[in-house]
Amino acid sequence: MIRSNRAPGGETRQVAPPRGFERYDVVLEPDRNDPEWWAGAPSVLRDENGVFWLACRMRTAEGPRGLRGYEIRILRSEDGIRFERVHSIRREEVPIPGFERPALLRDPATGQFKLYGCGPWEGGPWCIIRFDDADRPDRFVPSSARPVITPMPPAYDRDVRPGGYKNPVILHAGNRYHAYCIGVMRRTERIYHFTSADGEHWEAVGSPLASIMNLDGWHDFYVRPAAVVPLGVGYIFVYEGSSVEWYDPVYNIATGLAFTFDLHTLQDLTPHAPLARSTTPSAHFHTLRYSDWLWVDGELWVYAEAARPNNTNEIRLFRLKA
């Protein structure tokens, strides 16, 4: 399938989907096959027994945009393709007005599972929240949620700081936890980096005001974190973003790649055009976002939220040859 792509100068050129993104398996569909119902924002891990666990956000078409995520759903799979639901954390159980992307990972010291989420906390700004650790992902307790990354108060009357944090991407590397979050700066989304020794108490890396990636090129409207892929020497930093020239760039999100040695300084590998967009777009949306990448038996397995022609989104698995 050939798709249209807009270069930095505004001209339109025809670009084929990147190798590996032409074929996919559908992992999870929305609960209703109606416009604006979405299944997406996957976070995936594989445990020591080879079992795949997936946490995702389920979204309704009803209610204010930005507050439509009604459930963090936990699913289990023996093969990474066919998943079954084993647990649900509904927003009213926390309680919280709505969810966006969760982050699921394993504590390397204790072996327990960690689950993070995000949402407006107690009527206030968007925060990164954490649930109590559990010995299995189907045992997280909804009422244990509490905020762990929150906006800083202004230092003076006209101080401009991120007013909320959302959509955490969290990993453990170099004896520390690293969290990459969307920071909302005057309604503009950028990437902010935090670290922690215990996964509970976080501090900004470098200036807490500075995004680690610029609004530039095709991602001059938004730029957001998606995943971090270890390479042995350095890491691929998967990001997503949108252009000011796209239809509704708040939701019309595509995926790009960067590289980092130190998990903080990024070199953009796709500065002029995204790596991937949905090959089954609707009339207006080519969204391919919230991707999580992991090595499986020598392949890169990419779980991502993708747009469908009827303006719904589903979770897909793309298997890329290394």
# chains A, B, ... in the order shown; residues from 1 in each chain; ligands from 1
>>> residues_around(residues="A:Leu67", least_positions_apart="6", cutoff="12 Å", atoms="only C-alpha atoms", output="list of chain:residue names")
A:Arg57, A:Met58, A:Arg59, A:Thr60, A:Ala61, A:Arg91, A:Ile96, A:Pro97, A:Gly98, A:Phe99, A:Glu100, A:Cys118, A:Gly119, A:Pro120, A:Trp126
>>> residues_around(residues="A:Ala306", least_positions_apart="4", cutoff="12 Å", atoms="only C-alpha atoms", output="PyMOL selection string")
chain A and resi 21+24-30+38-42+251-255+276-282+285-291+302+310-318
>>> residues_around(residues="stretch 138-145 of chain A", least_positions_apart="2", cutoff="9 Å", atoms="only C-alpha atoms", output="VMD selection string")
chain A and resid 74 to 76 86 to 91 93 to 95 113 to 117 129 to 136 147
>>> select_by_dssp(residues="stretch 20-269 of chain A", states="strand (DSSP E or B)", output="VMD selection string")
chain A and resid 25 to 28 38 to 46 52 to 59 69 to 77 84 to 90 103 to 106 113 to 120 126 to 130 134 146 to 149 165 to 173 176 to 185 188 to 196 203 to 204 216 219 222 to 230 235 to 242 254 to 260 267 to 268
>>> closest_residue(among="A:Asn175, A:Ser242, A:Ser207, A:Asn49", to="A:Thr188", atoms="only C-alpha atoms")
A:Ser242
>>> residues_around(residues="A:Ala227", least_positions_apart="5", cutoff="8 Å", atoms="only C-alpha atoms", output="list in words")
Val169, Phe237, Val238, Tyr239, Ser291, Asp292 and Trp293 of chain A
>>> select_by_dssp(residues="stretch 64-177 of chain A", states="helix (DSSP H, G or I)", output="PDB file with C-alpha atoms, in the first residue's frame")
ATOM      1  CA  ARG A  91     -11.560   4.565  36.489  1.00  0.00           C
ATOM      2  CA  GLU A  92     -14.297   4.710  39.127  1.00  0.00           C
ATOM      3  CA  GLU A  93     -12.405   2.153  41.234  1.00  0.00           C
ATOM      4  CA  PRO A 137      -0.222  -8.461  36.800  1.00  0.00           C
ATOM      5  CA  ASP A 138      -3.769  -9.713  37.405  1.00  0.00           C
ATOM      6  CA  ARG A 139      -3.528  -8.756  41.091  1.00  0.00           C
ATOM      7  CA  PRO A 142      -7.087  -0.207  41.967  1.00  0.00           C
ATOM      8  CA  SER A 143      -7.471   1.672  45.258  1.00  0.00           C
ATOM      9  CA  SER A 144      -3.693   1.564  45.887  1.00  0.00           C
TER      10      SER A 144
END
>>> closest_residue(among="A:Val233, A:His284, A:Phe52, A:Thr270", to="A:Tyr247", atoms="only C-alpha atoms")
A:His284
>>> residues_around(residues="stretch 261-268 of chain A", least_positions_apart="6", cutoff="10 Å", atoms="only C-alpha atoms", output="PyMOL selection string")
chain A and resi 173-174+178+180+192-194+205-206+212-214+228+230-231+233-239
>>> closest_residue(among="A:Pro249, A:Gly66, A:Gly164, A:Gly123", to="A:Thr150", atoms="only C-alpha atoms")
A:Gly164
